[in-house]
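Shown next: entry_1.cif, containing mmCIF, C-alpha atoms and all ligand atoms.
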```cif
data_model
loop_
_atom_site.label_atom_id
_atom_site.label_comp_id
_atom_site.auth_asym_id
_atom_site.auth_seq_id
_atom_site.Cartn_x
_atom_site.Cartn_y
_atom_site.Cartn_z
CA MET A 25 46.13 -109.85 219.73
CA GLU A 26 45.05 -113.43 220.23
CA HIS A 27 41.45 -113.61 221.44
CA LYS A 28 39.94 -116.79 222.98
CA LYS A 29 36.54 -117.75 224.32
CA VAL A 30 37.81 -119.59 227.39
CA VAL A 31 41.17 -119.18 229.09
CA ILE A 32 41.89 -121.41 232.07
CA ILE A 33 44.78 -120.53 234.37
CA GLY A 34 46.07 -123.41 236.47
CA SER A 35 46.62 -127.10 235.99
CA GLY A 36 45.40 -128.82 239.13
CA PRO A 37 42.20 -130.86 239.31
CA ALA A 38 40.12 -127.65 238.99
CA GLY A 39 41.88 -126.39 235.86
CA TYR A 40 41.97 -129.73 234.06
CA THR A 41 38.36 -130.54 234.89
CA ALA A 42 37.25 -127.09 233.69
CA ALA A 43 39.15 -127.84 230.46
CA ILE A 44 37.45 -131.23 230.04
CA TYR A 45 34.01 -129.63 230.39
CA ALA A 46 34.81 -126.57 228.25
CA GLY A 47 36.41 -128.80 225.61
CA ARG A 48 33.38 -131.10 225.47
CA ALA A 49 31.23 -127.98 225.04
CA ASN A 50 33.28 -127.19 221.91
CA LEU A 51 34.75 -124.03 223.38
CA SER A 52 38.37 -124.83 222.41
CA PRO A 53 39.83 -123.76 225.77
CA VAL A 54 43.41 -122.65 226.26
CA LEU A 55 44.91 -123.81 229.56
CA TYR A 56 48.02 -122.23 231.08
CA GLU A 57 49.74 -124.85 233.21
CA GLY A 58 52.10 -122.53 235.10
CA ASN A 59 55.36 -123.77 236.53
CA GLN A 60 53.93 -126.82 238.29
CA PRO A 61 51.88 -128.78 235.73
CA GLY A 62 49.45 -130.98 237.60
CA GLY A 63 49.41 -128.64 240.59
CA GLN A 64 49.93 -129.45 244.24
CA LEU A 65 48.89 -133.08 243.92
CA THR A 66 52.01 -133.83 241.92
CA ILE A 67 54.10 -133.28 245.04
CA THR A 68 52.25 -135.89 247.05
CA THR A 69 52.46 -139.64 246.64
CA GLU A 70 49.34 -141.75 246.57
CA VAL A 71 45.80 -140.39 246.45
CA GLU A 72 43.51 -142.71 248.40
CA ASN A 73 40.36 -140.65 248.54
CA TYR A 74 39.63 -139.78 244.91
CA PRO A 75 36.48 -141.76 243.98
CA GLY A 76 36.84 -144.36 241.27
CA PHE A 77 40.19 -145.77 242.39
CA ALA A 78 39.43 -148.44 244.96
CA GLU A 79 43.10 -149.20 245.59
CA GLY A 80 44.23 -145.56 245.40
CA ILE A 81 46.16 -144.01 242.53
CA ASP A 82 49.57 -142.41 242.13
CA ALA A 83 48.99 -138.63 242.23
CA ASN A 84 51.06 -137.93 239.11
CA GLU A 85 49.21 -140.65 237.22
CA LEU A 86 45.86 -139.14 238.25
CA MET A 87 46.88 -135.69 237.04
CA ASP A 88 48.35 -137.05 233.84
CA GLN A 89 45.09 -138.83 233.10
CA MET A 90 43.13 -135.61 233.69
CA ARG A 91 45.51 -133.72 231.41
CA GLN A 92 45.16 -136.26 228.62
CA GLN A 93 41.39 -136.24 229.02
CA ALA A 94 41.39 -132.44 228.64
CA GLU A 95 43.58 -132.67 225.53
CA ARG A 96 41.35 -135.33 224.07
CA PHE A 97 38.52 -132.78 223.95
CA GLY A 98 40.58 -130.09 222.27
CA THR A 99 42.26 -128.18 225.10
CA GLU A 100 45.39 -126.35 224.07
CA MET A 101 48.02 -126.64 226.83
CA ARG A 102 50.53 -123.85 227.36
CA THR A 103 53.29 -123.69 229.96
CA ALA A 104 53.47 -119.97 230.85
CA VAL A 105 52.65 -118.33 234.20
CA CYS A 106 50.09 -115.51 234.34
CA ILE A 107 51.85 -112.43 235.76
CA LYS A 108 49.27 -109.65 235.27
CA SER A 109 45.58 -109.27 234.57
CA ASP A 110 43.14 -106.55 233.62
CA LEU A 111 39.68 -107.79 234.47
CA SER A 112 38.12 -104.31 234.44
CA GLN A 113 36.21 -104.97 231.22
CA ALA A 114 35.58 -107.80 228.76
CA PRO A 115 37.34 -109.12 226.80
CA TYR A 116 39.72 -109.66 229.71
CA HIS A 117 43.42 -109.03 229.21
CA LEU A 118 46.04 -111.44 230.56
CA TRP A 119 49.84 -111.22 230.48
CA PHE A 120 52.23 -114.18 230.78
CA ASP A 121 55.88 -114.65 231.72
CA ASP A 122 56.81 -115.73 228.20
CA ASP A 123 56.04 -112.19 227.00
CA THR A 124 52.70 -113.15 225.49
CA GLU A 125 49.30 -111.53 226.04
CA ILE A 126 45.83 -112.79 225.36
CA LEU A 127 42.26 -111.51 225.39
CA ALA A 128 39.59 -113.80 226.82
CA ASP A 129 35.80 -113.66 226.85
CA THR A 130 35.81 -115.85 229.95
CA VAL A 131 38.57 -116.57 232.45
CA ILE A 132 38.67 -119.51 234.84
CA ILE A 133 41.13 -118.85 237.67
CA ALA A 134 42.33 -122.20 239.01
CA THR A 135 45.75 -121.19 240.29
CA GLY A 136 45.57 -123.17 243.52
CA ALA A 137 47.70 -122.43 246.56
CA SER A 138 51.39 -122.55 247.46
CA ALA A 139 53.21 -123.92 250.50
CA LYS A 140 53.70 -121.53 253.41
CA TYR A 141 56.96 -121.01 255.28
CA LEU A 142 57.51 -119.99 258.89
CA GLY A 143 59.18 -116.74 257.85
CA LEU A 144 62.58 -117.51 259.40
CA ASP A 145 65.66 -116.04 257.72
CA ASP A 146 67.26 -119.48 258.06
CA GLU A 147 64.61 -121.01 255.79
CA LYS A 148 65.91 -118.83 252.97
CA LYS A 149 69.52 -119.37 253.95
CA TYR A 150 69.21 -123.17 253.79
CA MET A 151 66.67 -123.43 250.97
CA GLY A 152 67.68 -126.44 248.88
CA GLN A 153 70.37 -127.20 251.46
CA GLY A 154 68.23 -128.99 253.98
CA VAL A 155 65.00 -126.95 253.84
CA SER A 156 62.12 -128.19 251.73
CA ALA A 157 58.33 -127.87 251.51
CA CYS A 158 57.92 -131.12 249.60
CA ALA A 159 58.77 -134.45 251.16
CA THR A 160 57.96 -136.45 248.06
CA CYS A 161 60.19 -134.23 245.93
CA ASP A 162 63.18 -134.19 248.26
CA GLY A 163 62.73 -137.09 250.69
CA PHE A 164 64.98 -139.29 248.59
CA PHE A 165 67.99 -137.16 249.59
CA TYR A 166 67.41 -137.98 253.26
CA ARG A 167 67.61 -141.77 253.17
CA LYS A 168 68.88 -143.06 256.52
CA LYS A 169 69.19 -139.48 257.82
CA VAL A 170 67.33 -137.59 260.54
CA VAL A 171 64.64 -135.12 259.48
CA ALA A 172 61.98 -132.90 261.03
CA VAL A 173 58.57 -132.03 259.65
CA VAL A 174 56.77 -128.91 260.92
CA GLY A 175 52.97 -128.91 261.20
CA GLY A 176 50.15 -130.86 262.74
CA GLY A 177 47.67 -131.18 259.87
CA ASP A 178 47.04 -133.94 257.35
CA THR A 179 49.85 -132.76 255.10
CA ALA A 180 52.40 -132.84 257.91
CA CYS A 181 51.28 -136.31 258.99
CA GLU A 182 51.33 -137.60 255.42
CA GLU A 183 54.82 -136.18 254.87
CA ALA A 184 56.08 -137.54 258.20
CA ASN A 185 54.80 -141.00 257.29
CA TYR A 186 56.33 -140.84 253.85
CA LEU A 187 59.69 -139.71 255.22
CA ALA A 188 59.58 -142.38 257.95
CA GLY A 189 59.94 -144.94 255.16
CA LEU A 190 63.19 -143.34 254.02
CA ALA A 191 64.82 -141.55 256.93
CA SER A 192 66.30 -143.20 260.01
CA LYS A 193 64.22 -140.92 262.28
CA VAL A 194 61.48 -138.32 261.80
CA TYR A 195 60.54 -135.62 264.31
CA LEU A 196 57.16 -133.98 263.89
CA ILE A 197 57.28 -130.45 265.32
CA VAL A 198 53.77 -129.41 266.40
CA ARG A 199 53.07 -126.05 268.00
CA LYS A 200 49.87 -127.14 269.79
CA PRO A 201 49.49 -129.95 272.35
CA TYR A 202 47.50 -131.95 269.77
CA LEU A 203 47.42 -132.80 266.06
CA ARG A 204 44.87 -131.14 263.81
CA ALA A 205 45.02 -133.98 261.27
CA SER A 206 42.20 -136.49 260.66
CA LYS A 207 42.01 -139.42 263.07
CA ILE A 208 43.34 -141.96 260.58
CA MET A 209 46.39 -139.81 259.80
CA GLN A 210 47.02 -139.16 263.50
CA ASP A 211 46.92 -142.90 264.19
CA ARG A 212 49.42 -143.60 261.43
CA VAL A 213 51.85 -141.07 262.86
CA LEU A 214 51.40 -142.00 266.50
CA ASN A 215 51.78 -145.71 265.74
CA ASN A 216 54.88 -145.29 263.59
CA PRO A 217 57.95 -146.20 265.69
CA ASN A 218 60.13 -144.10 263.40
CA ILE A 219 58.24 -140.86 264.18
CA GLU A 220 58.55 -138.86 267.38
CA VAL A 221 56.03 -136.06 267.87
CA LEU A 222 57.34 -132.95 269.64
CA PHE A 223 54.17 -131.27 270.88
CA GLU A 224 54.04 -127.62 272.01
CA THR A 225 57.27 -126.94 270.16
CA ASN A 226 58.26 -124.02 267.91
CA THR A 227 61.27 -123.51 265.69
CA LEU A 228 63.47 -120.51 266.43
CA GLY A 229 66.09 -121.09 263.75
CA LEU A 230 68.34 -123.55 261.98
CA TYR A 231 72.08 -124.07 262.15
CA GLY A 232 74.81 -125.80 260.18
CA GLU A 233 78.05 -125.13 258.34
CA ASN A 234 77.25 -126.64 254.96
CA GLY A 235 73.50 -127.08 255.02
CA VAL A 236 71.16 -127.87 257.88
CA GLU A 237 72.74 -129.68 260.80
CA GLY A 238 70.10 -128.90 263.38
CA ALA A 239 67.21 -126.75 264.58
CA HIS A 240 66.95 -124.38 267.53
CA LEU A 241 63.66 -125.28 269.20
CA VAL A 242 61.61 -123.97 272.09
CA HIS A 243 59.23 -126.11 274.14
CA ARG A 244 56.21 -124.47 275.82
CA LYS A 245 57.18 -120.95 274.79
CA GLY A 246 56.03 -118.30 277.25
CA GLU A 247 55.24 -120.83 280.01
CA ALA A 248 57.03 -121.10 283.35
CA ASP A 249 58.75 -124.30 282.20
CA GLU A 250 59.80 -122.92 278.77
CA ARG A 251 62.89 -124.71 277.49
CA GLU A 252 65.10 -123.92 274.51
CA TYR A 253 67.24 -126.66 273.01
CA ASP A 254 68.99 -127.77 269.82
CA LEU A 255 67.85 -130.79 267.83
CA PRO A 256 70.39 -132.30 265.41
CA ILE A 257 68.67 -132.94 262.04
CA ASP A 258 69.73 -133.16 258.41
CA GLY A 259 66.50 -132.03 256.79
CA PHE A 260 63.73 -129.56 257.73
CA PHE A 261 60.38 -129.98 255.96
CA LEU A 262 57.60 -127.38 256.10
CA ALA A 263 54.02 -128.63 256.07
CA ILE A 264 52.10 -125.77 257.67
CA GLY A 265 49.47 -125.06 255.06
CA HIS A 266 49.19 -123.00 251.93
CA LYS A 267 48.65 -119.50 250.58
CA PRO A 268 46.15 -119.02 247.74
CA ASN A 269 47.70 -117.84 244.46
CA SER A 270 45.32 -114.94 243.88
CA ASP A 271 47.66 -111.92 243.85
CA VAL A 272 47.58 -111.44 240.08
CA PHE A 273 43.79 -111.04 240.16
CA THR A 274 43.24 -109.23 243.47
CA PRO A 275 42.86 -105.74 242.16
CA TYR A 276 39.65 -107.02 240.55
CA VAL A 277 38.28 -110.07 242.35
CA LYS A 278 37.23 -109.95 246.01
CA THR A 279 39.33 -111.97 248.44
CA ASP A 280 39.03 -112.80 252.13
CA SER A 281 41.64 -111.79 254.70
CA LEU A 282 43.81 -114.79 253.78
CA GLY A 283 43.68 -114.07 250.04
CA TYR A 284 41.14 -116.73 249.03
CA ILE A 285 38.94 -115.50 246.18
CA MET A 286 35.37 -115.01 247.35
CA THR A 287 32.71 -116.39 245.06
CA GLU A 288 28.93 -115.98 244.92
CA ASP A 289 26.29 -118.32 246.30
CA ASP A 290 28.27 -121.53 246.44
CA SER A 291 29.18 -121.09 242.76
CA PRO A 292 32.51 -120.26 241.07
CA ARG A 293 31.17 -116.80 239.98
CA THR A 294 33.48 -114.01 241.16
CA GLY A 295 31.00 -111.19 240.55
CA ILE A 296 32.82 -110.16 237.37
CA PRO A 297 30.73 -111.46 234.43
CA GLY A 298 32.60 -114.31 232.75
CA VAL A 299 35.34 -114.57 235.40
CA TYR A 300 35.27 -117.64 237.63
CA ALA A 301 37.45 -119.02 240.42
CA ALA A 302 37.72 -122.77 240.99
CA GLY A 303 39.68 -125.06 243.27
CA ASP A 304 41.94 -124.19 246.19
CA VAL A 305 42.41 -120.53 245.20
CA ALA A 306 38.79 -120.05 246.27
CA ASP A 307 38.47 -122.75 248.90
CA PRO A 308 39.74 -122.04 252.42
CA HIS A 309 37.76 -124.93 253.89
CA TYR A 310 37.92 -128.23 252.03
CA ARG A 311 41.01 -128.11 249.76
CA GLN A 312 40.41 -131.56 248.33
CA ALA A 313 41.08 -132.75 244.77
CA ILE A 314 37.53 -134.01 244.28
CA ILE A 315 36.08 -130.68 245.40
CA ALA A 316 38.48 -128.71 243.22
CA ALA A 317 37.53 -130.90 240.25
CA ALA A 318 33.83 -130.32 240.90
CA SER A 319 34.27 -126.56 241.11
CA GLY A 320 36.23 -126.64 237.84
CA ALA A 321 33.30 -128.40 236.19
CA LYS A 322 30.92 -125.79 237.57
CA ALA A 323 33.14 -122.95 236.33
CA ALA A 324 33.20 -124.36 232.79
CA MET A 325 29.41 -124.80 232.82
CA GLU A 326 29.01 -121.20 233.98
CA ALA A 327 31.39 -120.02 231.24
CA GLU A 328 29.41 -121.91 228.61
CA LYS A 329 26.17 -120.32 229.81
CA HIS A 330 27.76 -116.87 229.83
CA LEU A 331 29.13 -117.27 226.30
CA ALA A 332 25.76 -118.49 225.03
CA GLY A 333 24.19 -115.30 226.38
CA LEU A 334 26.65 -112.97 224.64
P1 LIG B 1 46.19 -127.35 257.72
O1 LIG B 1 45.87 -125.90 257.64
O2 LIG B 1 45.12 -128.32 257.96
O3 LIG B 1 47.27 -127.57 258.89
C1 LIG B 1 48.37 -126.74 259.03
C2 LIG B 1 49.18 -127.18 260.23
O4 LIG B 1 50.34 -126.36 260.32
C3 LIG B 1 48.42 -127.02 261.55
O5 LIG B 1 48.79 -128.05 262.44
C4 LIG B 1 48.94 -125.68 262.05
O6 LIG B 1 48.95 -125.58 263.44
C5 LIG B 1 50.38 -125.71 261.57
N1 LIG B 1 50.92 -124.37 261.42
C6 LIG B 1 50.42 -123.34 260.68
N2 LIG B 1 51.20 -122.26 260.78
C7 LIG B 1 52.20 -122.59 261.61
C8 LIG B 1 53.32 -121.91 262.14
N3 LIG B 1 53.58 -120.63 261.80
N4 LIG B 1 54.15 -122.57 262.98
C9 LIG B 1 53.91 -123.86 263.31
N5 LIG B 1 52.87 -124.58 262.87
C10 LIG B 1 52.02 -123.95 262.02
O7 LIG B 1 47.00 -127.63 256.39
P2 LIG B 1 47.31 -129.02 255.65
O8 LIG B 1 48.18 -128.63 254.54
O9 LIG B 1 47.80 -130.04 256.60
O10 LIG B 1 45.90 -129.52 255.10
C11 LIG B 1 45.13 -128.69 254.23
C12 LIG B 1 43.84 -129.42 253.83
O11 LIG B 1 44.15 -130.51 252.98
C13 LIG B 1 43.11 -130.00 255.02
O12 LIG B 1 41.74 -129.85 254.81
C14 LIG B 1 43.51 -131.44 255.00
O13 LIG B 1 42.54 -132.28 255.60
C15 LIG B 1 43.65 -131.72 253.52
N6 LIG B 1 44.58 -132.83 253.25
C16 LIG B 1 44.08 -134.09 253.09
C17 LIG B 1 44.92 -135.17 252.85
C18 LIG B 1 44.33 -136.52 252.70
O14 LIG B 1 43.14 -136.68 252.84
N7 LIG B 1 45.08 -137.53 252.38
C19 LIG B 1 46.37 -135.00 252.76
C20 LIG B 1 46.80 -133.65 252.95
C21 LIG B 1 45.94 -132.61 253.19
P3 LIG B 1 47.62 -125.30 264.29
O15 LIG B 1 46.87 -126.59 264.33
O16 LIG B 1 48.18 -124.88 265.59
O17 LIG B 1 46.89 -124.20 263.58
#
```

Any chance you could give the structure as structure tokens?
Amino acid sequence: MEHKKVVIIGSGPAGYTAAIYAGRANLSPVLYEGNQPGGQLTITTEVENYPGFAEGIDANELMDQMRQQAERFGTEMRTAVCIKSDLSQAPYHLWFDDDTEILADTVIIATGASAKYLGLDDEKKYMGQGVSACATCDGFFYRKKVVAVVGGGDTACEEANYLAGLASKVYLIVRKPYLRASKIMQDRVLNNPNIEVLFETNTLGLYGENGVEGAHLVHRKGEADEREYDLPIDGFFLAIGHKPNSDVFTPYVKTDSLGYIMTEDDSPRTGIPGVYAAGDVADPHYRQAIIAAASGAKAAMEAEKHLAGL
């Protein structure tokens, strides 16, 4: 079976940065990009807070640059998704959805996180027919239409702003009486005449004959003045956070109650010698590209040290 020194799983800022560092250390890393090369950033628009780009940079361009930089130092890119792992002993055994297997002396888990859904049956029913978790992917289909975005964090505000440039009207459905997003993002939403924020509002379901035509909402659920009503919309966008993609590794690595991989002493070490976790899969707090990139660099440096000691 194929046997590599460094296998990196995931192609967000953490994975690519780990590959740049491992490549420059002459470790000939193999990086599995999964089914979303470039990771979560590729479904956003502009990145304004990644240092080095004073005017901001298109998210896809940023990830493409990272990818090319990793390739420049000898990273081999593969497109498969890791579906099973055996991290009980080194070399570690990994299985992929293209029916391949590999043994690795070190593994860098950089699988990121995936969008969460509310758990309504109607989300499944109307998936691709009015329900989306990616405004930048699907917003184009809602030009001059009415859409709703669910969530009160930075992602929801960013998506609402983006959609406000396309749609005729955007409702932001927020379950609390306030937004959790940063002040600057809140201001952009609250000052956008195309966005109406529906505070203290939850979604009960969706309706429509051929795709979404509206949402069943409830205002101030459980209060004396609780009110249920229907809101006509054409599109329903989820922006309520993410779930870490750690399931494949959880029999071996420790995770917190939400599934984030727990690492040791502010490092990417998982406690399994030679196995590291970097980026959002191990970061319940910050979830920023720059922080993911930094943890990827740390993971590669740890892998290099580990390999030198073997
Ligand atoms: P967050 O976890 O910050 O926010 C999730 C939002 O969804 C909250 O308002 C939460 O409500 C709401 N929510 C969660 N579950 C439900 C539910 N079942 N029903 C209704 N509402 C729900 O996630 P984000 O994706 O917004 O942000 C993640 C991280 O990424 C943050 O650190 C953020 O700052 C960062 N980020 C930064 C950006 C930037 O700088 N440009 C852009 C995007 C993200 P409640 O408040 O009630 O819990």

For the point (64.2, -139.7, 269.3) in file coordinates, what residues are within 12 Å, counting all atoms listed in the file? Give the answer as a VMD selection string?
chain A and resid 170 to 172 192 to 196 217 to 222 255 to 257

Taking only C-alpha atoms and all ligand atoms into account, which of A:Asp254, A:Glu183, A:Asp110, A:Glu85 comes nearest ligand LIG 1 (chain B)?
A:Glu183

First collect every listed atom of segment 269-279 of chain A; then fit an axis-aligned box around them, widen it by 5 Å on each side, and give centre and edge lengths in Å to one decimal, as AutoDock Vina command-line options.
```
--center_x 42.5 --center_y -111.8 --center_z 244.3 --size_x 20.5 --size_y 22.1 --size_z 18.4
```

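Take the candidates A:Gly259, A:Gly295, A:Gly229, A:Gly58 and check each one against Tyr166 of chain A using all atoms listed in the file; the shortest distance goes to A:Gly259.
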
If I put a ball of radius 7 Å at (35.7, -125.9, 238.6) in the file's coordinates, which residues poke into it when counting all atoms listed in the file, written as JSON, numbers by chain?
{"A": [38, 39, 41, 42, 292, 302, 303, 316, 317, 318, 319, 320, 321, 322, 323, 324]}

May I ask which of the residues A:Asp121, A:Asp88, A:Asp162, A:Glu328 is the closest one to Thr66 of chain A, counting only C-alpha atoms?
A:Asp88

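In this model, the gap between atom CA of Leu203 of chain A and atom CA of Gln312 of chain A comes to 19.1 Å.
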
Using all atoms listed in the file, which residues of the polymer chains come no farther than 6 Å from ligand LIG 1 (chain B)? I'd like the answer as a PDB file with C-alpha atoms, in the frame of the given file.
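Generated output (selection10.pdb):
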```
ATOM      1  CA  LEU A 142      57.510-119.990 258.890  1.00  0.00           C
ATOM      2  CA  GLY A 175      52.970-128.910 261.200  1.00  0.00           C
ATOM      3  CA  GLY A 176      50.150-130.860 262.740  1.00  0.00           C
ATOM      4  CA  GLY A 177      47.670-131.180 259.870  1.00  0.00           C
ATOM      5  CA  ASP A 178      47.040-133.940 257.350  1.00  0.00           C
ATOM      6  CA  THR A 179      49.850-132.760 255.100  1.00  0.00           C
ATOM      7  CA  ALA A 180      52.400-132.840 257.910  1.00  0.00           C
ATOM      8  CA  ARG A 199      53.070-126.050 268.000  1.00  0.00           C
ATOM      9  CA  LYS A 200      49.870-127.140 269.790  1.00  0.00           C
ATOM     10  CA  ARG A 204      44.870-131.140 263.810  1.00  0.00           C
ATOM     11  CA  ILE A 264      52.100-125.770 257.670  1.00  0.00           C
ATOM     12  CA  GLY A 265      49.470-125.060 255.060  1.00  0.00           C
ATOM     13  CA  TYR A 310      37.920-128.230 252.030  1.00  0.00           C
ATOM     14  CA  ARG A 311      41.010-128.110 249.760  1.00  0.00           C
TER      15      ARG A 311
END
```

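One finds atom CA of Ser109 of chain A at 27.8 Å from atom CA of Ile314 of chain A.
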
Spatial neighbours of Val272 of chain A, 12 Å, only C-alpha atoms, chain gap at least 3 places, as a PDB file with C-alpha atoms, in the frame of the given file:
```pdb
ATOM      1  CA  ILE A  33      44.780-120.530 234.370  1.00  0.00           C
ATOM      2  CA  VAL A 105      52.650-118.330 234.200  1.00  0.00           C
ATOM      3  CA  CYS A 106      50.090-115.510 234.340  1.00  0.00           C
ATOM      4  CA  ILE A 107      51.850-112.430 235.760  1.00  0.00           C
ATOM      5  CA  LYS A 108      49.270-109.650 235.270  1.00  0.00           C
ATOM      6  CA  SER A 109      45.580-109.270 234.570  1.00  0.00           C
ATOM      7  CA  ASP A 110      43.140-106.550 233.620  1.00  0.00           C
ATOM      8  CA  LEU A 111      39.680-107.790 234.470  1.00  0.00           C
ATOM      9  CA  HIS A 117      43.420-109.030 229.210  1.00  0.00           C
ATOM     10  CA  LEU A 118      46.040-111.440 230.560  1.00  0.00           C
ATOM     11  CA  TRP A 119      49.840-111.220 230.480  1.00  0.00           C
ATOM     12  CA  PHE A 120      52.230-114.180 230.780  1.00  0.00           C
ATOM     13  CA  ILE A 133      41.130-118.850 237.670  1.00  0.00           C
ATOM     14  CA  THR A 135      45.750-121.190 240.290  1.00  0.00           C
ATOM     15  CA  PRO A 268      46.150-119.020 247.740  1.00  0.00           C
ATOM     16  CA  ASN A 269      47.700-117.840 244.460  1.00  0.00           C
ATOM     17  CA  PRO A 275      42.860-105.740 242.160  1.00  0.00           C
ATOM     18  CA  TYR A 276      39.650-107.020 240.550  1.00  0.00           C
ATOM     19  CA  VAL A 277      38.280-110.070 242.350  1.00  0.00           C
ATOM     20  CA  THR A 279      39.330-111.970 248.440  1.00  0.00           C
ATOM     21  CA  GLY A 283      43.680-114.070 250.040  1.00  0.00           C
ATOM     22  CA  ILE A 285      38.940-115.500 246.180  1.00  0.00           C
ATOM     23  CA  VAL A 305      42.410-120.530 245.200  1.00  0.00           C
TER      24      VAL A 305
END
```

I'd like the neighbourhood of Asn50 of chain A as a PyMOL selection string, where a residue qualifies if any of its atoms comes within 12 Å (using all atoms listed in the file), though same-chain residues fewer than 3 positions away should be ignored.
chain A and resi 29-30+43-47+53-54+94+96-99+324-325+327-328+331-332

Nearest to Pro61 of chain A: which of A:Gly76, A:Gly163, A:Gly34, A:Gly154 is it, counting all atoms listed in the file?
A:Gly34

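What separates atom CA of Ala263 of chain A from atom CA of Lys278 of chain A is a distance of 27.1 Å.
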
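Within the 8 Å cut-off around Ile81 of chain A, using all atoms listed in the file and omitting residues fewer than 2 positions from it on the same chain, the listed residues are A:Glu70, A:Val71, A:Glu72, A:Phe77, A:Glu79, A:Ala83, A:Glu85, A:Leu86.
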
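Compared by their closest atoms to Arg102 of chain A, and using all atoms listed in the file, the residues A:Tyr56, A:Tyr186, A:Tyr284, A:Phe260 rank with A:Tyr56 nearest.
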
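For the choices A:Phe261, A:Tyr231, A:His309, A:Gln153, the atom-to-atom distance to Ala184 of chain A is smallest for A:Phe261 when using only C-alpha atoms.
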
Quick one: residues within 8 Å of Asn185 of chain A, all atoms listed in the file, excluding same-chain residues fewer than 4 positions away - as a compact mmCIF listing (two decimals) with C-alpha atoms, in the coordinates of the input?
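Written file, part-v4.txt:
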```txt
# COMPACT_ATOMS: atom_id res chain seq x y z
CA CYS A 181 51.28 -136.31 258.99
CA GLY A 189 59.94 -144.94 255.16
CA ARG A 212 49.42 -143.60 261.43
CA VAL A 213 51.85 -141.07 262.86
CA ASN A 216 54.88 -145.29 263.59
CA ILE A 219 58.24 -140.86 264.18
```

Do you know which residues are at most 8 Å from Lys245 of chain A counting all atoms listed in the file, after dropping those on the same chain fewer than 2 positions away, and could you put them as a PDB file with C-alpha atoms, keeping the file's coordinate frame?
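Contents of around.pdb, as written:
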```
ATOM      1  CA  GLU A 224      54.040-127.620 272.010  1.00  0.00           C
ATOM      2  CA  THR A 225      57.270-126.940 270.160  1.00  0.00           C
ATOM      3  CA  ASN A 226      58.260-124.020 267.910  1.00  0.00           C
ATOM      4  CA  VAL A 242      61.610-123.970 272.090  1.00  0.00           C
ATOM      5  CA  HIS A 243      59.230-126.110 274.140  1.00  0.00           C
ATOM      6  CA  GLU A 247      55.240-120.830 280.010  1.00  0.00           C
ATOM      7  CA  GLU A 250      59.800-122.920 278.770  1.00  0.00           C
ATOM      8  CA  ARG A 251      62.890-124.710 277.490  1.00  0.00           C
TER       9      ARG A 251
END
```
